[in-house]
$ cat query20.cif   # mmCIF, C-alpha atoms and all ligand atoms
data_protein
loop_
_atom_site.label_atom_id
_atom_site.label_comp_id
_atom_site.auth_asym_id
_atom_site.auth_seq_id
_atom_site.Cartn_x
_atom_site.Cartn_y
_atom_site.Cartn_z
CA MET A 7 -50.35 290.56 13.20
CA LYS A 8 -53.40 289.14 11.45
CA THR A 9 -55.75 291.87 10.50
CA THR A 10 -58.69 289.74 9.42
CA ARG A 11 -60.94 291.72 11.68
CA GLN A 12 -59.47 295.08 10.98
CA ILE A 13 -61.91 297.65 12.08
CA LYS A 14 -62.76 300.62 9.97
CA LYS A 15 -61.20 303.92 10.96
CA THR A 16 -64.44 305.39 12.26
CA GLU A 17 -65.03 302.43 14.53
CA HIS A 18 -61.49 302.78 15.87
CA SER A 19 -62.03 306.35 16.90
CA GLU A 20 -65.24 305.22 18.55
CA LYS A 21 -63.36 302.63 20.65
CA GLU A 22 -60.67 305.14 21.44
CA LYS A 23 -63.22 307.62 22.62
CA ASN A 24 -64.83 304.96 24.77
CA LEU A 25 -61.54 304.09 26.42
CA ARG A 26 -61.29 307.67 27.61
CA GLN A 27 -64.93 308.51 27.99
CA GLU A 28 -65.75 305.57 30.20
CA VAL A 29 -63.26 306.83 32.72
CA ARG A 30 -63.89 309.84 34.93
CA PRO A 31 -61.36 312.59 34.05
CA GLU A 32 -60.08 312.76 37.62
CA HIS A 33 -59.21 309.06 37.30
CA TRP A 34 -57.81 309.31 33.78
CA ASN A 35 -55.56 312.19 34.85
CA ASP A 36 -54.32 310.36 37.93
CA TRP A 37 -51.10 308.42 37.36
CA ARG A 38 -52.03 305.98 40.11
CA TRP A 39 -55.23 305.08 38.28
CA GLN A 40 -53.30 304.73 35.01
CA THR A 41 -50.74 302.45 36.65
CA ALA A 42 -53.32 300.35 38.47
CA ASN A 43 -55.38 299.96 35.31
CA SER A 44 -52.52 299.25 32.93
CA PHE A 45 -53.02 296.43 30.43
CA ARG A 46 -50.64 293.66 31.38
CA SER A 47 -51.90 290.85 29.21
CA PRO A 48 -52.83 290.72 25.52
CA SER A 49 -56.30 289.45 26.48
CA ASP A 50 -56.85 292.79 28.26
CA LEU A 51 -56.87 294.31 24.77
CA LEU A 52 -59.71 292.20 23.37
CA PHE A 53 -62.20 294.99 24.05
CA MET A 54 -60.44 297.18 21.49
CA GLY A 55 -61.90 295.00 18.78
CA TRP A 56 -58.66 294.83 16.83
CA PHE A 57 -57.82 291.18 17.42
CA THR A 58 -59.06 287.68 16.83
CA ARG A 59 -58.66 285.02 19.53
CA ASP A 60 -55.76 283.64 17.45
CA ASP A 61 -54.03 287.01 17.52
CA ILE A 62 -54.35 287.08 21.30
CA VAL A 63 -52.94 283.55 21.64
CA GLU A 64 -49.99 284.52 19.46
CA MET A 65 -49.34 287.69 21.46
CA GLU A 66 -49.59 285.72 24.70
CA SER A 67 -46.85 283.35 23.57
CA VAL A 68 -44.61 286.38 23.04
CA ALA A 69 -45.63 288.04 26.30
CA ARG A 70 -44.64 284.92 28.25
CA ILE A 71 -41.03 285.67 27.24
CA TYR A 72 -41.18 289.46 26.99
CA PRO A 73 -44.04 290.71 29.18
CA MET A 74 -46.55 293.27 27.96
CA ARG A 75 -47.48 296.40 29.84
CA VAL A 76 -49.12 299.60 28.65
CA THR A 77 -51.00 302.46 30.30
CA PRO A 78 -54.57 303.15 29.09
CA TYR A 79 -53.31 306.64 28.19
CA TYR A 80 -50.54 305.42 25.86
CA ALA A 81 -52.79 302.71 24.38
CA SER A 82 -55.43 305.35 23.63
CA LEU A 83 -53.01 307.12 21.26
CA ALA A 84 -53.11 304.18 18.85
CA SER A 85 -55.88 303.99 16.25
CA GLY A 86 -55.22 300.41 15.17
CA PRO A 87 -52.68 297.58 15.39
CA GLY A 88 -50.48 299.06 12.65
CA HIS A 89 -50.27 302.50 14.28
CA PRO A 90 -46.75 303.69 15.25
CA VAL A 91 -47.75 303.78 18.92
CA ALA A 92 -49.36 300.31 18.81
CA LYS A 93 -46.19 298.83 17.31
CA GLN A 94 -44.28 300.10 20.34
CA PHE A 95 -46.43 298.23 22.88
CA LEU A 96 -48.00 295.21 21.12
CA PRO A 97 -46.08 291.94 21.45
CA ALA A 98 -45.11 290.77 17.94
CA LYS A 99 -44.17 287.23 16.97
CA GLN A 100 -40.91 288.40 15.35
CA GLU A 101 -39.63 289.17 18.86
CA ILE A 102 -39.25 285.48 19.63
CA ASP A 103 -38.09 284.34 16.20
CA PHE A 104 -34.44 283.86 17.09
CA SER A 105 -33.67 281.66 14.08
CA LEU A 106 -32.15 284.27 11.78
CA SER A 107 -30.77 286.94 14.01
CA GLY A 108 -27.25 287.39 15.19
CA SER A 109 -28.55 289.57 17.98
CA VAL A 110 -27.71 288.94 21.61
CA ASP A 111 -29.20 290.00 24.96
CA ASP A 112 -26.47 292.49 25.81
CA PRO A 113 -24.62 293.57 22.64
CA LEU A 114 -23.15 296.63 24.38
CA MET A 115 -21.61 294.32 26.99
CA GLU A 116 -22.97 296.53 29.74
CA ARG A 117 -22.35 293.72 32.22
CA ASN A 118 -18.60 294.02 31.67
CA TYR A 119 -18.73 297.65 32.75
CA MET A 120 -20.51 297.01 36.04
CA PRO A 121 -18.19 297.44 39.00
CA VAL A 122 -21.24 296.87 41.25
CA PRO A 123 -24.59 295.36 40.23
CA GLY A 124 -26.80 297.90 38.46
CA LEU A 125 -24.12 300.57 37.96
CA ILE A 126 -22.58 300.93 34.49
CA HIS A 127 -19.34 302.89 34.35
CA ARG A 128 -18.30 303.04 30.70
CA TYR A 129 -17.15 306.64 30.33
CA PRO A 130 -14.67 308.11 32.81
CA ASP A 131 -16.81 311.07 33.93
CA ARG A 132 -20.31 309.51 33.88
CA ALA A 133 -21.93 306.63 35.74
CA LEU A 134 -25.33 305.16 34.97
CA CYS A 135 -27.40 303.67 37.80
CA MET A 136 -30.30 301.33 37.17
CA VAL A 137 -32.52 302.35 40.06
CA SER A 138 -35.83 300.85 38.95
CA GLN A 139 -36.90 297.65 37.30
CA THR A 140 -40.29 298.78 36.07
CA CYS A 141 -41.61 301.04 33.37
CA ALA A 142 -45.10 302.34 32.63
CA VAL A 143 -44.92 300.74 29.18
CA ARG A 144 -42.79 297.82 28.08
CA CYS A 145 -41.48 299.23 24.81
CA ARG A 146 -40.99 296.38 22.38
CA HIS A 147 -37.76 297.93 21.09
CA CYS A 148 -36.21 298.35 24.58
CA ASN A 149 -32.46 297.82 24.51
CA ARG A 150 -32.45 296.52 28.08
CA LYS A 151 -35.03 293.86 27.26
CA ARG A 152 -32.77 291.30 28.92
CA THR A 153 -33.54 292.84 32.32
CA TRP A 154 -37.28 292.18 31.94
CA ARG A 155 -36.66 288.62 33.04
CA GLY A 156 -36.41 287.95 36.74
CA SER A 157 -33.32 285.75 36.46
CA CYS A 158 -31.18 288.67 35.30
CA PRO A 159 -28.25 289.28 37.66
CA GLU A 160 -28.65 293.04 37.26
CA THR A 161 -32.11 293.12 38.77
CA GLY A 162 -32.60 293.83 42.45
CA PRO A 163 -29.52 296.05 42.65
CA ASP A 164 -28.48 297.68 45.87
CA PHE A 165 -28.37 301.49 45.61
CA ARG A 166 -26.13 301.78 48.68
CA LYS A 167 -23.41 299.79 46.91
CA MET A 168 -23.72 302.09 43.89
CA LEU A 169 -23.38 305.12 46.16
CA ASP A 170 -20.27 303.68 47.79
CA TYR A 171 -18.73 303.18 44.36
CA ILE A 172 -19.58 306.72 43.23
CA ARG A 173 -18.23 308.17 46.50
CA GLY A 174 -14.97 306.35 45.97
CA THR A 175 -14.58 307.29 42.31
CA LYS A 176 -13.69 310.97 42.17
CA GLY A 177 -13.72 311.14 38.38
CA ILE A 178 -17.52 310.76 38.21
CA ARG A 179 -19.04 314.22 37.75
CA GLU A 180 -22.38 313.18 36.26
CA VAL A 181 -24.72 310.45 37.49
CA ILE A 182 -27.50 309.16 35.28
CA LEU A 183 -30.49 307.55 36.93
CA SER A 184 -31.94 304.99 34.57
CA GLY A 185 -33.62 301.62 34.73
CA GLY A 186 -36.31 300.73 34.11
CA ASP A 187 -37.80 304.12 34.77
CA PRO A 188 -36.54 306.03 37.84
CA LEU A 189 -39.78 308.05 38.05
CA MET A 190 -41.67 304.81 38.74
CA ASN A 191 -40.08 304.95 42.19
CA THR A 192 -42.07 306.64 44.94
CA LEU A 193 -41.43 310.32 45.52
CA GLU A 194 -39.80 309.47 48.86
CA THR A 195 -37.42 306.87 47.40
CA LEU A 196 -36.48 309.17 44.55
CA ALA A 197 -35.88 312.10 46.91
CA ARG A 198 -33.68 309.92 49.10
CA GLN A 199 -31.65 308.80 46.08
CA LEU A 200 -31.22 312.35 44.79
CA GLU A 201 -30.34 313.65 48.25
CA ALA A 202 -27.64 310.99 48.67
CA LEU A 203 -26.13 311.87 45.30
CA ARG A 204 -26.23 315.60 46.05
CA ASN A 205 -24.21 314.94 49.19
CA ILE A 206 -21.28 313.65 47.12
CA ARG A 207 -19.16 316.68 46.37
CA HIS A 208 -17.71 315.55 43.02
CA VAL A 209 -21.14 314.73 41.56
CA GLU A 210 -21.87 318.01 39.81
CA VAL A 211 -24.82 317.03 37.66
CA ILE A 212 -27.66 314.51 37.92
CA ARG A 213 -29.55 313.25 34.91
CA ILE A 214 -32.78 311.24 34.92
CA GLY A 215 -33.67 309.06 31.96
CA THR A 216 -37.44 308.61 31.89
CA ARG A 217 -40.11 307.84 29.35
CA LEU A 218 -42.98 308.87 31.62
CA PRO A 219 -43.57 312.25 29.91
CA VAL A 220 -44.51 310.10 26.88
CA THR A 221 -46.14 307.03 28.39
CA LEU A 222 -47.60 308.33 31.68
CA PRO A 223 -47.45 312.15 31.55
CA MET A 224 -49.80 312.44 34.55
CA ARG A 225 -46.89 311.29 36.71
CA ILE A 226 -45.18 314.64 36.12
CA THR A 227 -47.03 316.50 38.85
CA GLU A 228 -46.27 319.90 40.32
CA ARG A 229 -45.30 318.15 43.54
CA LEU A 230 -42.81 315.92 41.74
CA CYS A 231 -41.34 318.91 39.89
CA ARG A 232 -40.95 320.87 43.14
CA MET A 233 -39.04 317.98 44.65
CA LEU A 234 -36.85 317.51 41.55
CA SER A 235 -36.21 321.23 41.35
CA SER A 236 -34.42 321.22 44.69
CA TYR A 237 -31.72 318.88 43.32
CA ARG A 238 -30.66 321.01 40.36
CA PRO A 239 -28.60 321.03 38.21
CA LEU A 240 -30.83 318.18 37.13
CA TRP A 241 -31.43 317.21 33.52
CA VAL A 242 -34.19 315.01 32.21
CA ASN A 243 -33.78 312.93 29.09
CA THR A 244 -36.98 311.50 27.71
CA HIS A 245 -37.89 309.29 24.77
CA PHE A 246 -40.40 310.48 22.17
CA ASN A 247 -40.20 308.42 18.97
CA HIS A 248 -43.08 309.74 16.90
CA PRO A 249 -44.77 313.15 16.47
CA CYS A 250 -48.16 311.66 17.44
CA GLU A 251 -46.79 311.14 20.96
CA ILE A 252 -46.57 314.92 21.40
CA THR A 253 -50.03 315.31 22.92
CA PRO A 254 -51.37 318.13 25.11
CA GLU A 255 -50.72 315.90 28.15
CA ALA A 256 -47.11 315.17 27.14
CA SER A 257 -46.51 318.84 26.32
CA ARG A 258 -47.81 319.86 29.72
CA ALA A 259 -45.52 317.35 31.46
CA CYS A 260 -42.46 318.74 29.65
CA GLU A 261 -43.55 322.30 30.32
CA LEU A 262 -43.86 321.62 34.06
CA LEU A 263 -40.32 320.23 34.13
CA CYS A 264 -39.04 323.14 32.11
CA MET A 265 -40.72 325.67 34.41
CA ALA A 266 -39.11 323.95 37.38
CA GLY A 267 -35.72 324.74 35.84
CA ILE A 268 -35.13 321.24 34.51
CA PRO A 269 -34.03 321.14 30.86
CA VAL A 270 -35.66 318.31 28.93
CA SER A 271 -33.88 316.60 26.04
CA ASN A 272 -35.02 313.74 23.86
CA GLN A 273 -33.43 310.46 22.86
CA ALA A 274 -35.31 308.84 20.01
CA VAL A 275 -34.59 305.47 18.44
CA LEU A 276 -34.78 305.02 14.68
CA LEU A 277 -37.34 302.23 14.27
CA LYS A 278 -38.29 300.47 11.06
CA GLY A 279 -41.95 300.93 10.21
CA ILE A 280 -42.41 303.49 13.00
CA ASN A 281 -40.34 306.59 12.32
CA ASP A 282 -37.77 305.70 9.65
CA SER A 283 -38.46 308.51 7.22
CA VAL A 284 -37.11 312.02 6.76
CA GLU A 285 -40.58 313.52 7.14
CA THR A 286 -41.44 311.69 10.37
CA ILE A 287 -38.12 312.58 12.02
CA ARG A 288 -38.50 316.18 10.84
CA GLU A 289 -42.00 316.43 12.31
CA LEU A 290 -40.83 314.78 15.52
CA CYS A 291 -37.88 317.12 16.00
CA GLN A 292 -39.76 320.28 15.06
CA GLY A 293 -42.65 319.23 17.31
CA LEU A 294 -40.22 318.73 20.18
CA GLN A 295 -38.70 322.15 19.64
CA ARG A 296 -42.20 323.66 19.81
CA ILE A 297 -42.63 322.23 23.32
CA SER A 298 -39.09 323.34 24.35
CA VAL A 299 -37.64 319.82 24.31
CA ARG A 300 -34.20 319.62 22.75
CA PRO A 301 -33.69 316.72 20.31
CA TYR A 302 -30.44 315.29 21.68
CA TYR A 303 -29.85 311.84 20.18
CA LEU A 304 -31.33 309.77 17.41
CA PHE A 305 -30.13 306.24 18.14
CA HIS A 306 -29.56 303.57 15.58
CA CYS A 307 -31.46 300.49 16.82
CA ASP A 308 -28.96 298.14 18.50
CA ALA A 309 -28.63 294.42 17.77
CA VAL A 310 -30.60 293.51 20.90
CA ARG A 311 -32.28 290.10 20.91
CA GLY A 312 -36.02 290.47 20.43
CA THR A 313 -35.86 293.79 18.57
CA ASP A 314 -34.48 292.77 15.15
CA HIS A 315 -37.66 293.57 13.26
CA PHE A 316 -37.21 297.24 14.21
CA ARG A 317 -33.65 297.53 12.91
CA THR A 318 -32.94 299.63 9.84
CA HIS A 319 -29.74 299.63 7.84
CA LEU A 320 -27.24 302.12 9.23
CA SER A 321 -27.39 304.05 5.95
CA LYS A 322 -31.06 304.88 6.65
CA GLY A 323 -30.11 307.08 9.57
CA VAL A 324 -27.24 308.64 7.62
CA HIS A 325 -29.64 309.46 4.79
CA ILE A 326 -32.15 311.03 7.19
CA ILE A 327 -29.55 313.16 8.95
CA GLN A 328 -28.08 314.25 5.62
CA ALA A 329 -31.49 315.28 4.33
CA LEU A 330 -32.27 317.25 7.49
CA TRP A 331 -28.94 319.01 7.78
CA GLY A 332 -29.27 322.58 6.58
CA THR A 333 -32.99 322.29 5.92
CA MET A 334 -33.98 322.17 9.59
CA GLY A 335 -32.86 324.52 12.36
CA GLY A 336 -29.81 323.47 14.34
CA LEU A 337 -31.80 323.42 17.60
CA CYS A 338 -34.01 320.72 16.10
CA MET A 339 -31.07 318.58 14.98
CA PRO A 340 -30.39 315.41 16.97
CA ASN A 341 -27.00 313.71 16.89
CA PHE A 342 -27.26 310.39 15.08
CA VAL A 343 -25.50 307.87 17.26
CA VAL A 344 -24.69 304.19 17.09
CA ASP A 345 -23.74 302.30 20.23
CA LEU A 346 -20.78 300.13 19.24
CA PRO A 347 -20.57 296.43 20.06
CA GLU A 348 -18.00 295.06 22.51
CA GLY A 349 -18.62 297.99 24.82
CA GLY A 350 -17.09 300.48 22.39
CA GLY A 351 -19.51 303.16 23.55
CA LYS A 352 -21.46 305.64 21.49
CA ALA A 353 -20.13 306.75 18.13
CA MET A 354 -21.49 309.80 16.38
CA VAL A 355 -22.34 309.38 12.71
CA VAL A 356 -21.84 312.79 11.18
CA PRO A 357 -22.07 313.21 7.45
CA SER A 358 -18.98 315.35 7.00
CA GLN A 359 -19.16 318.42 4.81
CA LEU A 360 -15.39 318.73 4.74
CA ILE A 361 -14.14 317.07 1.55
CA ASP A 362 -10.43 317.83 1.64
CA ILE A 363 -7.97 319.91 3.63
CA ASP A 364 -4.27 320.68 3.19
CA ALA A 365 -1.85 323.42 4.25
CA GLY A 366 -3.27 326.14 2.02
CA GLU A 367 -6.98 325.36 1.58
CA ALA A 368 -9.97 323.22 2.35
CA PHE A 369 -12.98 322.16 0.31
CA PHE A 370 -16.51 321.91 1.62
CA ARG A 371 -19.78 320.61 0.25
CA THR A 372 -22.68 322.91 1.20
CA PHE A 373 -25.99 321.51 2.48
CA ASP A 374 -27.48 322.10 -0.97
CA GLY A 375 -24.70 320.40 -2.90
CA LYS A 376 -22.30 323.18 -3.99
CA ILE A 377 -18.53 322.75 -3.56
CA ILE A 378 -16.81 325.70 -1.92
CA ARG A 379 -13.10 326.42 -1.44
CA TYR A 380 -11.99 327.85 1.89
CA LYS A 381 -8.55 329.48 1.97
CA SER A 382 -6.50 329.07 5.15
CA PRO A 383 -4.95 332.23 6.64
CA GLU A 384 -1.53 333.15 5.16
CA GLY A 385 1.33 331.54 7.04
CA SER A 386 -0.91 329.69 9.51
C1 LIG A 401 -25.30 306.66 26.88
C2 LIG A 401 -24.64 306.40 28.13
C3 LIG A 401 -24.19 307.45 28.93
C4 LIG A 401 -24.43 308.90 28.61
O1 LIG A 401 -23.77 309.32 27.46
P1 LIG A 401 -23.99 310.83 26.93
O2 LIG A 401 -23.27 310.84 25.62
O3 LIG A 401 -23.40 311.75 27.94
O4 LIG A 401 -25.45 311.04 26.79
C5 LIG A 401 -23.51 307.12 30.09
N1 LIG A 401 -23.28 305.85 30.44
C6 LIG A 401 -23.69 304.82 29.69
C7 LIG A 401 -23.39 303.44 30.12
C8 LIG A 401 -24.39 305.05 28.51
O5 LIG A 401 -24.82 304.03 27.78
S1 LIG A 402 -39.26 303.09 29.01
FE1 LIG A 402 -37.12 302.77 28.37
S2 LIG A 402 -36.34 301.18 29.77
FE2 LIG A 402 -38.58 301.14 29.89
S3 LIG A 402 -39.21 299.59 28.39
FE3 LIG A 402 -39.27 301.58 27.36
S4 LIG A 402 -37.26 301.76 26.37
FE4 LIG A 402 -37.07 300.14 27.94
#

$ encode --input "query20.cif" --output "structure tokens"
Amino acid sequence: MKTTRQIKKTEHSEKEKNLRQEVRPEHWNDWRWQTANSFRSPSDLLFMGWFTRDDIVEMESVARIYPMRVTPYYASLASGPGHPVAKQFLPAKQEIDFSLSGSVDDPLMERNYMPVPGLIHRYPDRALCMVSQTCAVRCRHCNRKRTWRGSCPETGPDFRKMLDYIRGTKGIREVILSGGDPLMNTLETLARQLEALRNIRHVEVIRIGTRLPVTLPMRITERLCRMLSSYRPLWVNTHFNHPCEITPEASRACELLCMAGIPVSNQAVLLKGINDSVETIRELCQGLQRISVRPYYLFHCDAVRGTDHFRTHLSKGVHIIQALWGTMGGLCMPNFVVDLPEGGGKAMVVPSQLIDIDAGEAFFRTFDGKIIRYKSPEGS
């Protein structure tokens, strides 16, 4: 991004204030207003004063391939084009530079694990249903970026076919609603989907994957939580990537879910230039614990076409997890996970503290670097 017209910090805060202040609070706090007034084209962002016309033209050429969409709320969290929130919603020219990358649209080969369109059955006991094609924000690092394009065979899936498959597959005990964002569906549609799943005896647990607590927290209303609460055990997994996303609005959204008996966990993605440092991940995870959200996964960024500029080396994540282990409470600790190519599924990357083990003894390295011998019980 050219920053020839980079605005001074004070002016940024002024713009930011305007974005909020020009809107009546009852509108700002209404998810319908936020959705209706979302920025869907780079030229909608001219008013922010961050960009030249050339910047806008460049972003538009990217957005023609990977569309842009952001709520005024989420956009208001960014203080300039280099801000960790801005990088998650601004189209960047690296997204369409396919010359160097070995990345592909679907590195996890999700399509090969789709017995019916929109349903991914990769693990024996869990099925993932893509029940929505839209999101409040088009995250530039999205690993289902391929589905943003209309020609994708997975779009427009038929939920009844998914239900038939789940009904006929007794081994499925957990169903994950994903997308897109399932909470972008109307309350009625969502209730119908949850009701249908609840009527299948072997489906013990329902999980919803949603980023709305982060990108459109107003959507988490008391009414929505009441409805969701009646389909428990229901788990929500959300997607905070940076501590600055933990705002009063986002905290309130998570608290409402929590008070409705719905545990909220977080799946973050390790993103170069956004959160790839020990301190940022520590602040993120401790901040999440403060609002009762359990850090569940920290994902290594997959080799998805259009997201290469966000990918770190695998060792970056290993280093971060190693540095956090033992110096941050276990309830703050996410599992560092890499989704393997060829449909291999998730693999946990755990820096092992066990150095050696034989019949009589084992050796461990402590979190602060000491080596300790552990004697096995006699005759065991
Ligand atoms: C990640 C994922 C799941 C859920 O895995 P958990 O380890 O239980 O969080 C299920 N299905 C698919 C296809 C997935 O990618
Ligand atoms: S909310 Fe999730 S599915 Fe939607 S664009 Fe962001 S990462 Fe992708």

$ atom_distance --input "query20.cif" --atom1 "CA of Leu218 in chain A" --atom2 "CA of Leu196 in chain A"
14.5 Å

$ closest_residue --input "query20.cif" --among "A:Cys231, A:Ala274, A:Leu114, A:Ile226" --to "Arg258 in chain A" --atoms "all atoms listed in the file"
A:Ile226

$ residues_near_ligand --input "query20.cif" --ligand "ligand LIG 402 (chain A)" --cutoff "8 Å" --atoms "only C-alpha atoms and all ligand atoms" --output "CSV table (one decimal) with C-alpha atoms, in the frame of the given file"
chain,number,residue,atom,x,y,z
A,140,THR,CA,-40.3,298.8,36.1
A,141,CYS,CA,-41.6,301.0,33.4
A,142,ALA,CA,-45.1,302.3,32.6
A,143,VAL,CA,-44.9,300.7,29.2
A,144,ARG,CA,-42.8,297.8,28.1
A,145,CYS,CA,-41.5,299.2,24.8
A,146,ARG,CA,-41.0,296.4,22.4
A,147,HIS,CA,-37.8,297.9,21.1
A,148,CYS,CA,-36.2,298.4,24.6
A,149,ASN,CA,-32.5,297.8,24.5
A,150,ARG,CA,-32.4,296.5,28.1
A,151,LYS,CA,-35.0,293.9,27.3
A,184,SER,CA,-31.9,305.0,34.6
A,185,GLY,CA,-33.6,301.6,34.7
A,186,GLY,CA,-36.3,300.7,34.1
A,187,ASP,CA,-37.8,304.1,34.8
A,216,THR,CA,-37.4,308.6,31.9
A,217,ARG,CA,-40.1,307.8,29.4
A,218,LEU,CA,-43.0,308.9,31.6
A,221,THR,CA,-46.1,307.0,28.4
A,245,HIS,CA,-37.9,309.3,24.8

$ closest_atom_pairs --input "query20.cif" --of "chain A" --to "ligand LIG 401 (chain A)" --cutoff "9 Å" --atoms "only C-alpha atoms and all ligand atoms" --output "JSON lines"
{"residue": "A:Leu114", "atom": "CA", "partner": "A:LIG401", "partner_atom": "O5", "distance": 8.3}
{"residue": "A:Glu116", "atom": "CA", "partner": "A:LIG401", "partner_atom": "C7", "distance": 6.9}
{"residue": "A:Tyr119", "atom": "CA", "partner": "A:LIG401", "partner_atom": "C7", "distance": 7.9}
{"residue": "A:Leu125", "atom": "CA", "partner": "A:LIG401", "partner_atom": "C7", "distance": 8.4}
{"residue": "A:Ile126", "atom": "CA", "partner": "A:LIG401", "partner_atom": "C7", "distance": 5.1}
{"residue": "A:His127", "atom": "CA", "partner": "A:LIG401", "partner_atom": "C7", "distance": 5.9}
{"residue": "A:Arg128", "atom": "CA", "partner": "A:LIG401", "partner_atom": "C7", "distance": 5.1}
{"residue": "A:Tyr129", "atom": "CA", "partner": "A:LIG401", "partner_atom": "N1", "distance": 6.2}
{"residue": "A:Asp131", "atom": "CA", "partner": "A:LIG401", "partner_atom": "C5", "distance": 8.7}
{"residue": "A:Arg132", "atom": "CA", "partner": "A:LIG401", "partner_atom": "C5", "distance": 5.5}
{"residue": "A:Ala133", "atom": "CA", "partner": "A:LIG401", "partner_atom": "N1", "distance": 5.5}
{"residue": "A:Leu134", "atom": "CA", "partner": "A:LIG401", "partner_atom": "N1", "distance": 5.0}
{"residue": "A:Cys135", "atom": "CA", "partner": "A:LIG401", "partner_atom": "C7", "distance": 8.7}
{"residue": "A:Glu180", "atom": "CA", "partner": "A:LIG401", "partner_atom": "O3", "distance": 8.5}
{"residue": "A:Val181", "atom": "CA", "partner": "A:LIG401", "partner_atom": "C5", "distance": 8.2}
{"residue": "A:Ile182", "atom": "CA", "partner": "A:LIG401", "partner_atom": "C5", "distance": 6.9}
{"residue": "A:Asn243", "atom": "CA", "partner": "A:LIG401", "partner_atom": "O4", "distance": 8.8}
{"residue": "A:Gln273", "atom": "CA", "partner": "A:LIG401", "partner_atom": "O4", "distance": 8.9}
{"residue": "A:Tyr302", "atom": "CA", "partner": "A:LIG401", "partner_atom": "O4", "distance": 8.3}
{"residue": "A:Tyr303", "atom": "CA", "partner": "A:LIG401", "partner_atom": "O4", "distance": 8.0}
{"residue": "A:Asp345", "atom": "CA", "partner": "A:LIG401", "partner_atom": "O5", "distance": 7.8}
{"residue": "A:Gly349", "atom": "CA", "partner": "A:LIG401", "partner_atom": "C7", "distance": 9.0}
{"residue": "A:Gly351", "atom": "CA", "partner": "A:LIG401", "partner_atom": "O5", "distance": 6.8}
{"residue": "A:Lys352", "atom": "CA", "partner": "A:LIG401", "partner_atom": "C1", "distance": 6.7}

$ residues_around --input "query20.cif" --residues "range 323-333 of chain A" --least-positions-apart "5" --cutoff "10 Å" --atoms "all atoms listed in the file" --output "count of residues only"
29

$ atom_distance --input "query20.cif" --atom1 "CA of Ala92 in chain A" --atom2 "CA of Ser105 in chain A"
24.8 Å

$ atom_distance --input "query20.cif" --atom1 "CA of Phe370 in chain A" --atom2 "CA of Gly385 in chain A"
21.0 Å

$ closest_residue --input "query20.cif" --among "A:Leu222, A:Ala202, A:Ile377, A:Cys291" --to "Gly336 in chain A" --atoms "all atoms listed in the file"
A:Cys291

$ residues_around --input "query20.cif" --residues "Met224 in chain A" --least-positions-apart "5" --cutoff "9 Å" --atoms "all atoms listed in the file" --output "MDAnalysis selection string"
chainID A and resid 34:38 40 218:219 255:256 259

$ residues_near_point --input "query20.cif" --point "(-39.8, 289.8, 22.5)" --cutoff "7 Å" --atoms "all atoms listed in the file" --output "list of chain:residue names"
A:Val68, A:Ile71, A:Tyr72, A:Pro97, A:Glu101, A:Ile102, A:Arg146, A:Gly312, A:Thr313

$ residues_around --input "query20.cif" --residues "Arg379 in chain A" --least-positions-apart "3" --cutoff "10 Å" --atoms "all atoms listed in the file" --output "number ranges by chain"
A: 361-363, 367-371, 382

$ residues_around --input "query20.cif" --residues "Arg26 in chain A" --least-positions-apart "6" --cutoff "9 Å" --atoms "all atoms listed in the file" --output "short mmCIF file (atom, residue, chain, number, x, y, z; two decimals) with C-alpha atoms, keeping the file's coordinate frame"
data_model
loop_
_atom_site.label_atom_id
_atom_site.label_comp_id
_atom_site.auth_asym_id
_atom_site.auth_seq_id
_atom_site.Cartn_x
_atom_site.Cartn_y
_atom_site.Cartn_z
CA TRP A 34 -57.81 309.31 33.78
CA PRO A 78 -54.57 303.15 29.09
CA TYR A 79 -53.31 306.64 28.19
CA SER A 82 -55.43 305.35 23.63
#

$ residues_around --input "query20.cif" --residues "Val242 in chain A" --least-positions-apart "5" --cutoff "7 Å" --atoms "only C-alpha atoms" --output "list in words"
Arg213, Ile214, Gly215, Ile268, Pro269, Val270 and Ser271 of chain A
